[in-house]
file coords24.pdb (PDB, C-alpha atoms)
ATOM      1  CA  MET W  42      42.194 -20.382 -33.414
ATOM      2  CA  GLY W  43      40.410 -21.385 -36.587
ATOM      3  CA  PHE W  44      40.110 -24.721 -38.357
ATOM      4  CA  ILE W  45      39.131 -24.980 -42.013
ATOM      5  CA  GLY W  46      38.846 -28.406 -43.560
ATOM      6  CA  ASP W  47      36.779 -31.564 -43.876
ATOM      7  CA  SER W  48      35.509 -34.077 -41.305
ATOM      8  CA  LYS W  49      38.996 -34.649 -39.914
ATOM      9  CA  SER W  50      38.866 -31.159 -38.453
ATOM     10  CA  THR W  51      35.294 -30.974 -37.219
ATOM     11  CA  ASP W  52      34.887 -30.728 -33.479
ATOM     12  CA  VAL W  53      32.124 -33.331 -33.595
ATOM     13  CA  ASN W  54      34.512 -35.900 -35.062
ATOM     14  CA  VAL W  55      33.835 -38.837 -32.733
ATOM     15  CA  TRP W  56      37.142 -40.479 -33.614
ATOM     16  CA  GLY W  57      39.190 -37.754 -31.993
ATOM     17  CA  PRO W  58      38.188 -34.093 -31.691
ATOM     18  CA  TRP W  59      41.727 -32.762 -31.784
ATOM     19  CA  GLY W  60      40.627 -29.131 -32.042
ATOM     20  CA  ALA W  61      38.933 -29.042 -28.643
ATOM     21  CA  THR W  62      41.778 -31.105 -27.193
ATOM     22  CA  LEU W  63      44.348 -28.646 -28.534
ATOM     23  CA  ILE W  64      42.532 -25.616 -27.126
ATOM     24  CA  ALA W  65      42.072 -27.354 -23.777
ATOM     25  CA  ALA W  66      45.802 -28.134 -23.615
ATOM     26  CA  ILE W  67      46.691 -24.507 -24.318
ATOM     27  CA  ASP W  68      44.206 -23.358 -21.685
ATOM     28  CA  ALA W  69      45.491 -25.834 -19.105
ATOM     29  CA  ALA W  70      49.019 -24.561 -19.568
ATOM     30  CA  GLY W  71      47.844 -20.992 -18.989
ATOM     31  CA  LEU W  72      49.283 -19.870 -22.307
ATOM     32  CA  PRO W  73      48.000 -16.910 -24.314
ATOM     33  CA  LEU W  74      45.773 -17.844 -27.201
ATOM     34  CA  GLY W  75      44.731 -15.610 -30.072
ATOM     35  CA  ASN W  76      41.297 -15.904 -31.675
ATOM     36  CA  ARG W  77      39.516 -16.215 -28.343
ATOM     37  CA  CYS W  78      35.866 -15.230 -28.483
ATOM     38  CA  SER W  79      35.156 -12.486 -25.987
ATOM     39  CA  GLU W  80      31.641 -13.801 -25.417
ATOM     40  CA  ASN W  81      32.668 -17.383 -24.628
ATOM     41  CA  ARG W  82      36.100 -18.302 -23.331
ATOM     42  CA  SER W  83      35.539 -22.016 -22.779
ATOM     43  CA  SER W  84      37.986 -24.556 -24.149
ATOM     44  CA  LEU W  85      35.366 -25.643 -26.681
ATOM     45  CA  ASP W  86      35.040 -22.202 -28.185
ATOM     46  CA  LEU W  87      36.599 -22.787 -31.589
ATOM     47  CA  ARG W  88      36.312 -21.048 -34.898
ATOM     48  CA  ASP W  89      35.683 -24.429 -36.473
ATOM     49  CA  TRP W  90      34.661 -23.943 -40.079
ATOM     50  CA  ALA W  91      35.386 -27.525 -41.085
ATOM     51  CA  GLN W  92      32.585 -29.468 -42.754
ATOM     52  CA  GLY W  93      32.426 -33.173 -43.404
ATOM     53  CA  GLY W  94      32.751 -34.276 -47.009
ATOM     54  CA  ARG W  95      34.170 -30.989 -48.286
ATOM     55  CA  THR W  96      36.955 -30.560 -50.783
ATOM     56  CA  ALA W  97      39.087 -27.446 -51.087
ATOM     57  CA  PRO W  98      37.216 -26.123 -54.151
ATOM     58  CA  GLN W  99      33.889 -26.771 -52.429
ATOM     59  CA  MET W 100      34.987 -24.879 -49.329
ATOM     60  CA  ALA W 101      36.169 -22.012 -51.499
ATOM     61  CA  ALA W 102      32.527 -21.411 -52.420
ATOM     62  CA  LEU W 103      31.576 -21.178 -48.734
ATOM     63  CA  ILE W 104      34.461 -19.410 -47.046
ATOM     64  CA  ASP W 105      33.254 -15.833 -47.549
ATOM     65  CA  ASP W 106      29.954 -16.544 -45.806
ATOM     66  CA  LEU W 107      31.741 -18.368 -42.986
ATOM     67  CA  ILE W 108      34.023 -15.398 -42.386
ATOM     68  CA  LEU W 109      31.025 -13.076 -42.298
ATOM     69  CA  THR W 110      29.515 -15.037 -39.399
ATOM     70  CA  HIS W 111      32.132 -13.645 -37.014
ATOM     71  CA  ALA W 112      32.481  -9.978 -36.150
ATOM     72  CA  ASP W 113      35.922  -8.471 -35.733
ATOM     73  CA  ASN W 114      35.268  -7.483 -32.125
ATOM     74  CA  THR W 115      35.067 -11.123 -31.025
ATOM     75  CA  TRP W 116      38.694 -11.816 -31.914
ATOM     76  CA  GLN W 117      42.005 -11.021 -30.333
ATOM     77  CA  ASP W 118      45.605 -10.499 -31.488
ATOM     78  CA  THR W 119      46.911 -13.222 -33.796
ATOM     79  CA  TYR W 120      44.519 -15.114 -36.036
ATOM     80  CA  LYS W 121      45.907 -18.624 -36.371
ATOM     81  CA  PHE W 122      44.272 -20.970 -38.851
ATOM     82  CA  ILE W 123      44.949 -24.631 -39.557
ATOM     83  CA  LEU W 124      43.828 -25.843 -42.998
ATOM     84  CA  ASN W 125      43.510 -29.497 -43.975
ATOM     85  CA  PHE W 126      42.031 -30.710 -47.253
ATOM     86  CA  GLY W 127      42.720 -33.778 -49.361
ATOM     87  CA  ALA W 128      40.795 -36.748 -47.972
ATOM     88  CA  ASN W 129      37.689 -36.038 -50.040
ATOM     89  CA  ASP W 130      39.597 -34.383 -52.860
ATOM     90  CA  ALA W 131      41.582 -37.593 -53.394
ATOM     91  CA  GLY W 132      38.457 -39.622 -54.045
ATOM     92  CA  LYS W 133      36.753 -37.223 -56.429
ATOM     93  CA  ASN W 134      35.783 -38.756 -59.772
ATOM     94  CA  PRO W 135      36.636 -37.261 -62.169
ATOM     95  CA  PRO W 136      39.618 -35.905 -60.264
ATOM     96  CA  TYR W 137      40.387 -32.236 -59.927
ATOM     97  CA  THR W 138      42.980 -30.852 -62.243
ATOM     98  CA  GLU W 139      45.966 -29.190 -60.632
ATOM     99  CA  ASN W 140      44.686 -25.790 -61.705
ATOM    100  CA  GLU W 141      41.165 -26.375 -60.342
ATOM    101  CA  TRP W 142      42.476 -27.522 -56.987
ATOM    102  CA  LYS W 143      44.974 -24.706 -56.607
ATOM    103  CA  ILE W 144      42.361 -22.096 -57.531
ATOM    104  CA  GLY W 145      40.083 -23.375 -54.778
ATOM    105  CA  TYR W 146      42.764 -23.621 -52.112
ATOM    106  CA  ARG W 147      44.245 -20.282 -53.086
ATOM    107  CA  TYR W 148      40.847 -18.633 -52.761
ATOM    108  CA  ILE W 149      40.415 -19.897 -49.193
ATOM    109  CA  ILE W 150      43.812 -18.578 -48.183
ATOM    110  CA  ASN W 151      43.256 -15.234 -49.852
ATOM    111  CA  ALA W 152      39.842 -14.864 -48.211
ATOM    112  CA  VAL W 153      41.423 -15.163 -44.767
ATOM    113  CA  LEU W 154      44.308 -12.867 -45.649
ATOM    114  CA  THR W 155      41.920 -10.286 -47.081
ATOM    115  CA  LYS W 156      39.779 -10.258 -43.944
ATOM    116  CA  TRP W 157      42.735 -10.152 -41.525
ATOM    117  CA  PRO W 158      45.673  -8.923 -43.628
ATOM    118  CA  ALA W 159      48.064  -7.987 -40.848
ATOM    119  CA  ASN W 160      47.782 -10.715 -38.235
ATOM    120  CA  SER W 161      46.829 -13.963 -39.972
ATOM    121  CA  LEU W 162      49.029 -17.018 -39.598
ATOM    122  CA  ILE W 163      47.842 -19.869 -41.814
ATOM    123  CA  TYR W 164      49.233 -23.379 -41.480
ATOM    124  CA  ILE W 165      48.517 -25.701 -44.401
ATOM    125  CA  GLU W 166      48.591 -29.384 -43.560
ATOM    126  CA  LYS W 167      49.374 -32.151 -46.031
ATOM    127  CA  ALA W 168      46.681 -34.792 -45.884
ATOM    128  CA  TRP W 169      46.870 -38.560 -46.069
ATOM    129  CA  ILE W 170      44.113 -41.090 -46.698
ATOM    130  CA  ARG W 171      44.631 -44.814 -47.037
ATOM    131  CA  ASP W 172      44.914 -46.228 -50.578
ATOM    132  CA  ARG W 173      45.325 -42.753 -52.061
ATOM    133  CA  THR W 174      49.089 -42.314 -51.930
ATOM    134  CA  THR W 175      49.468 -40.889 -55.434
ATOM    135  CA  GLU W 176      46.723 -38.329 -54.976
ATOM    136  CA  CYS W 177      48.010 -37.213 -51.572
ATOM    137  CA  ASN W 178      51.530 -36.858 -52.920
ATOM    138  CA  ASN W 179      50.180 -34.730 -55.762
ATOM    139  CA  PHE W 180      48.325 -32.493 -53.328
ATOM    140  CA  ALA W 181      51.470 -32.135 -51.232
ATOM    141  CA  THR W 182      53.406 -30.966 -54.288
ATOM    142  CA  TRP W 183      50.665 -28.484 -55.162
ATOM    143  CA  ILE W 184      50.674 -27.209 -51.588
ATOM    144  CA  ASP W 185      54.421 -26.641 -51.858
ATOM    145  CA  ASP W 186      53.724 -24.523 -54.933
ATOM    146  CA  LEU W 187      51.128 -22.473 -53.045
ATOM    147  CA  LEU W 188      53.482 -22.012 -50.106
ATOM    148  CA  ALA W 189      56.127 -20.691 -52.487
ATOM    149  CA  GLU W 190      53.617 -18.258 -54.013
ATOM    150  CA  PHE W 191      52.494 -16.868 -50.677
ATOM    151  CA  ALA W 192      56.047 -16.678 -49.361
ATOM    152  CA  ILE W 193      56.495 -13.945 -51.944
ATOM    153  CA  SER W 194      53.135 -12.192 -51.646
ATOM    154  CA  HIS W 195      52.638 -12.626 -47.866
ATOM    155  CA  PRO W 196      55.986 -13.547 -46.319
ATOM    156  CA  GLY W 197      55.785 -15.262 -42.963
ATOM    157  CA  GLN W 198      51.995 -15.641 -42.982
ATOM    158  CA  VAL W 199      51.280 -18.851 -44.920
ATOM    159  CA  LEU W 200      53.282 -21.719 -43.481
ATOM    160  CA  GLU W 201      53.621 -25.463 -43.832
ATOM    161  CA  GLY W 202      51.649 -27.367 -41.233
ATOM    162  CA  LEU W 203      51.837 -31.004 -40.210
ATOM    163  CA  ASP W 204      52.361 -33.669 -42.847
ATOM    164  CA  GLU W 205      50.059 -36.651 -42.288
ATOM    165  CA  ARG W 206      52.147 -38.689 -44.732
ATOM    166  CA  VAL W 207      54.901 -38.527 -42.110
ATOM    167  CA  TRP W 208      53.230 -38.828 -38.718
ATOM    168  CA  PHE W 209      49.969 -40.589 -39.628
ATOM    169  CA  GLU W 210      50.684 -42.960 -42.515
ATOM    170  CA  ASN W 211      53.715 -44.686 -40.891
ATOM    171  CA  GLY W 212      55.404 -45.719 -44.129
ATOM    172  CA  ASP W 213      53.131 -48.670 -44.959
ATOM    173  CA  ASP W 214      49.883 -47.033 -46.102
ATOM    174  CA  GLY W 215      48.593 -47.406 -42.571
ATOM    175  CA  ALA W 216      48.527 -51.209 -42.693
ATOM    176  CA  THR W 217      50.043 -51.681 -39.241
ATOM    177  CA  TYR W 218      49.277 -48.360 -37.667
ATOM    178  CA  SER W 219      47.076 -47.607 -34.678
ATOM    179  CA  LEU W 220      46.278 -43.904 -34.989
ATOM    180  CA  TYR W 221      43.158 -44.237 -37.122
ATOM    181  CA  ASN W 222      39.890 -46.156 -37.033
ATOM    182  CA  ASP W 223      38.927 -46.149 -40.685
ATOM    183  CA  GLY W 224      41.956 -45.228 -42.790
ATOM    184  CA  THR W 225      40.981 -41.566 -42.815
ATOM    185  CA  HIS W 226      40.145 -40.102 -39.392
ATOM    186  CA  TYR W 227      42.307 -39.902 -36.279
ATOM    187  CA  ASN W 228      41.244 -42.009 -33.329
ATOM    188  CA  TRP W 229      41.956 -40.784 -29.788
ATOM    189  CA  ALA W 230      45.559 -41.949 -29.970
ATOM    190  CA  GLY W 231      45.989 -40.117 -33.255
ATOM    191  CA  CYS W 232      44.257 -37.069 -31.821
ATOM    192  CA  LEU W 233      46.732 -36.879 -28.961
ATOM    193  CA  VAL W 234      49.730 -37.318 -31.250
ATOM    194  CA  LYS W 235      48.487 -34.533 -33.496
ATOM    195  CA  VAL W 236      47.850 -32.208 -30.571
ATOM    196  CA  GLY W 237      51.380 -32.746 -29.275
ATOM    197  CA  LEU W 238      52.870 -32.006 -32.662
ATOM    198  CA  LEU W 239      50.719 -28.899 -33.096
ATOM    199  CA  LEU W 240      51.659 -27.488 -29.706
ATOM    200  CA  THR W 241      55.285 -27.580 -30.837
ATOM    201  CA  LEU W 242      54.578 -26.264 -34.325
ATOM    202  CA  LEU W 243      52.475 -23.358 -33.059
ATOM    203  CA  GLY W 244      55.018 -22.355 -30.454
ATOM    204  CA  TYR W 245      53.097 -23.379 -27.337
TER
END
call {"tool": "encode", "arguments": {"input": "coords24.pdb", "output": "structure tokens"}}
result
Amino acid sequence: MGFIGDSKSTDVNVWGPWGATLIAAIDAAGLPLGNRCSENRSSLDLRDWAQGGRTAPQMAALIDDLILTHADNTWQDTYKFILNFGANDAGKNPPYTENEWKIGYRYIINAVLTKWPANSLIYIEKAWIRDRTTECNNFATWIDDLLAEFAISHPGQVLEGLDERVWFENGDDGATYSLYNDGTHYNWAGCLVKVGLLLTLLGY
């Protein structure tokens, strides 16, 4: 299983490393998991290509090299990827235009689909960050556009992931919520909520 995003998705995120927690939950249930490295089958063995501070266009410039770091013979069956960008994108000044942002995000998706054209399943999450409601709503609309594009070009492979504006924001810009520590990152409670939602979404 691969994660591509910003600091929310890094496995060293001290607030709540949901990636390792998700893999551990799948392991504990004895369920089959694609993208398992043959050389290391521990629960912490993630294809975690997330990097703190990155935006989607910034990651687009790095994704080809990240893909090259992993040989095909270390992967199995279905290649599931969870993408989450928006927290850093929302604060960029000057802001990205719609076209700039879509070009970057589209490139990431296409890079994965080009490398693993037959078996990739890509889930695109809609991000939320406190005090950036307008920007996050714009990104969500642009993601819907990308999902519609790929539904035509790659049906059934690029799918909507979790929406942080629904499960994380709580309808009040996070003012009374307890799933984050800093208005951006999940704490342990948020980590566990996300893992539960992902297990359902991914069919585990």
call {"tool": "residues_around", "arguments": {"input": "coords24.pdb", "residues": "stretch 216-225 of chain W", "least_positions_apart": "6", "cutoff": "8 Å", "atoms": "all atoms listed in the file", "output": "JSON, numbers by chain"}}
result
{"W": [49, 56, 128, 169, 170, 171, 209, 210, 231, 232]}
call {"tool": "atom_distance", "arguments": {"input": "coords24.pdb", "atom1": "atom CA of W:Pro136", "atom2": "atom CA of W:Phe122"}}
result
26.5 Å
call {"tool": "atom_distance", "arguments": {"input": "coords24.pdb", "atom1": "atom CA of W:Tyr245", "atom2": "atom CA of W:Ser50"}}
result
19.7 Å
call {"tool": "resolve_selection", "arguments": {"input": "coords24.pdb", "expression": "the PyMOL selection byres ((chain W and resi 181) around 12)", "output": "ChimeraX atom specification"}}
result
/W:125-127,131,139,142-143,165-169,174-180,182-188,201-207
call {"tool": "write_last_selection", "arguments": {"input": "coords24.pdb", "atoms": "C-alpha atoms", "output": "mmCIF file, keeping the file's coordinate frame"}}
result
data_model
loop_
_atom_site.group_PDB
_atom_site.id
_atom_site.type_symbol
_atom_site.label_atom_id
_atom_site.label_comp_id
_atom_site.auth_asym_id
_atom_site.auth_seq_id
_atom_site.Cartn_x
_atom_site.Cartn_y
_atom_site.Cartn_z
ATOM 1 C CA ASN W 125 43.510 -29.497 -43.975
ATOM 2 C CA PHE W 126 42.031 -30.710 -47.253
ATOM 3 C CA GLY W 127 42.720 -33.778 -49.361
ATOM 4 C CA ALA W 131 41.582 -37.593 -53.394
ATOM 5 C CA GLU W 139 45.966 -29.190 -60.632
ATOM 6 C CA TRP W 142 42.476 -27.522 -56.987
ATOM 7 C CA LYS W 143 44.974 -24.706 -56.607
ATOM 8 C CA ILE W 165 48.517 -25.701 -44.401
ATOM 9 C CA GLU W 166 48.591 -29.384 -43.560
ATOM 10 C CA LYS W 167 49.374 -32.151 -46.031
ATOM 11 C CA ALA W 168 46.681 -34.792 -45.884
ATOM 12 C CA TRP W 169 46.870 -38.560 -46.069
ATOM 13 C CA THR W 174 49.089 -42.314 -51.930
ATOM 14 C CA THR W 175 49.468 -40.889 -55.434
ATOM 15 C CA GLU W 176 46.723 -38.329 -54.976
ATOM 16 C CA CYS W 177 48.010 -37.213 -51.572
ATOM 17 C CA ASN W 178 51.530 -36.858 -52.920
ATOM 18 C CA ASN W 179 50.180 -34.730 -55.762
ATOM 19 C CA PHE W 180 48.325 -32.493 -53.328
ATOM 20 C CA THR W 182 53.406 -30.966 -54.288
ATOM 21 C CA TRP W 183 50.665 -28.484 -55.162
ATOM 22 C CA ILE W 184 50.674 -27.209 -51.588
ATOM 23 C CA ASP W 185 54.421 -26.641 -51.858
ATOM 24 C CA ASP W 186 53.724 -24.523 -54.933
ATOM 25 C CA LEU W 187 51.128 -22.473 -53.045
ATOM 26 C CA LEU W 188 53.482 -22.012 -50.106
ATOM 27 C CA GLU W 201 53.621 -25.463 -43.832
ATOM 28 C CA GLY W 202 51.649 -27.367 -41.233
ATOM 29 C CA LEU W 203 51.837 -31.004 -40.210
ATOM 30 C CA ASP W 204 52.361 -33.669 -42.847
ATOM 31 C CA GLU W 205 50.059 -36.651 -42.288
ATOM 32 C CA ARG W 206 52.147 -38.689 -44.732
ATOM 33 C CA VAL W 207 54.901 -38.527 -42.110
#
call {"tool": "atom_distance", "arguments": {"input": "coords24.pdb", "atom1": "atom CA of W:Trp208", "atom2": "atom CA of W:Ala61"}}
result
20.0 Å
call {"tool": "closest_residue", "arguments": {"input": "coords24.pdb", "among": "W:Pro98, W:Gly197, W:Gly212, W:Gly237", "to": "W:Leu63", "atoms": "all atoms listed in the file"}}
result
W:Gly237
call {"tool": "build_atoms", "arguments": {"input": "coords24.pdb", "residues": "stretch 143-162 of chain W", "atoms": "N, CA and C atoms", "output": "mmCIF file, keeping the file's coordinate frame"}}
result
data_model
loop_
_atom_site.group_PDB
_atom_site.id
_atom_site.type_symbol
_atom_site.label_atom_id
_atom_site.label_comp_id
_atom_site.auth_asym_id
_atom_site.auth_seq_id
_atom_site.Cartn_x
_atom_site.Cartn_y
_atom_site.Cartn_z
ATOM 1 N N LYS W 143 44.214 -25.853 -57.104
ATOM 2 C CA LYS W 143 44.974 -24.706 -56.607
ATOM 3 C C LYS W 143 44.106 -23.445 -56.551
ATOM 4 N N ILE W 144 43.245 -23.265 -57.541
ATOM 5 C CA ILE W 144 42.361 -22.096 -57.531
ATOM 6 C C ILE W 144 41.489 -22.114 -56.283
ATOM 7 N N GLY W 145 40.929 -23.272 -55.953
ATOM 8 C CA GLY W 145 40.083 -23.375 -54.778
ATOM 9 C C GLY W 145 40.843 -23.118 -53.492
ATOM 10 N N TYR W 146 41.980 -23.774 -53.346
ATOM 11 C CA TYR W 146 42.764 -23.621 -52.112
ATOM 12 C C TYR W 146 43.286 -22.206 -51.988
ATOM 13 N N ARG W 147 43.728 -21.662 -53.088
ATOM 14 C CA ARG W 147 44.245 -20.282 -53.086
ATOM 15 C C ARG W 147 43.164 -19.288 -52.672
ATOM 16 N N TYR W 148 41.941 -19.535 -53.104
ATOM 17 C CA TYR W 148 40.847 -18.633 -52.761
ATOM 18 C C TYR W 148 40.592 -18.638 -51.254
ATOM 19 N N ILE W 149 40.613 -19.804 -50.643
ATOM 20 C CA ILE W 149 40.415 -19.897 -49.193
ATOM 21 C C ILE W 149 41.476 -19.082 -48.456
ATOM 22 N N ILE W 150 42.711 -19.281 -48.838
ATOM 23 C CA ILE W 150 43.812 -18.578 -48.183
ATOM 24 C C ILE W 150 43.673 -17.073 -48.364
ATOM 25 N N ASN W 151 43.390 -16.665 -49.584
ATOM 26 C CA ASN W 151 43.256 -15.234 -49.852
ATOM 27 C C ASN W 151 42.075 -14.617 -49.116
ATOM 28 N N ALA W 152 41.006 -15.385 -48.934
ATOM 29 C CA ALA W 152 39.842 -14.864 -48.211
ATOM 30 C C ALA W 152 40.218 -14.531 -46.767
ATOM 31 N N VAL W 153 40.981 -15.408 -46.141
ATOM 32 C CA VAL W 153 41.423 -15.163 -44.767
ATOM 33 C C VAL W 153 42.381 -13.982 -44.717
ATOM 34 N N LEU W 154 43.324 -13.945 -45.637
ATOM 35 C CA LEU W 154 44.308 -12.867 -45.649
ATOM 36 C C LEU W 154 43.671 -11.513 -45.975
ATOM 37 N N THR W 155 42.612 -11.529 -46.762
ATOM 38 C CA THR W 155 41.920 -10.286 -47.081
ATOM 39 C C THR W 155 41.166 -9.765 -45.869
ATOM 40 N N LYS W 156 40.546 -10.668 -45.124
ATOM 41 C CA LYS W 156 39.779 -10.258 -43.944
ATOM 42 C C LYS W 156 40.699 -9.791 -42.830
ATOM 43 N N TRP W 157 41.805 -10.495 -42.604
ATOM 44 C CA TRP W 157 42.735 -10.152 -41.525
ATOM 45 C C TRP W 157 44.145 -10.053 -42.115
ATOM 46 N N PRO W 158 44.423 -8.989 -42.858
ATOM 47 C CA PRO W 158 45.673 -8.923 -43.628
ATOM 48 C C PRO W 158 46.930 -8.830 -42.790
ATOM 49 N N ALA W 159 46.843 -8.250 -41.609
ATOM 50 C CA ALA W 159 48.064 -7.987 -40.848
ATOM 51 C C ALA W 159 48.467 -9.125 -39.926
ATOM 52 N N ASN W 160 47.476 -9.815 -39.347
ATOM 53 C CA ASN W 160 47.782 -10.715 -38.235
ATOM 54 C C ASN W 160 47.576 -12.198 -38.516
ATOM 55 N N SER W 161 47.121 -12.559 -39.700
ATOM 56 C CA SER W 161 46.829 -13.963 -39.972
ATOM 57 C C SER W 161 48.096 -14.806 -40.046
ATOM 58 N N LEU W 162 48.024 -15.973 -39.428
ATOM 59 C CA LEU W 162 49.029 -17.018 -39.598
ATOM 60 C C LEU W 162 48.279 -18.270 -40.035
#
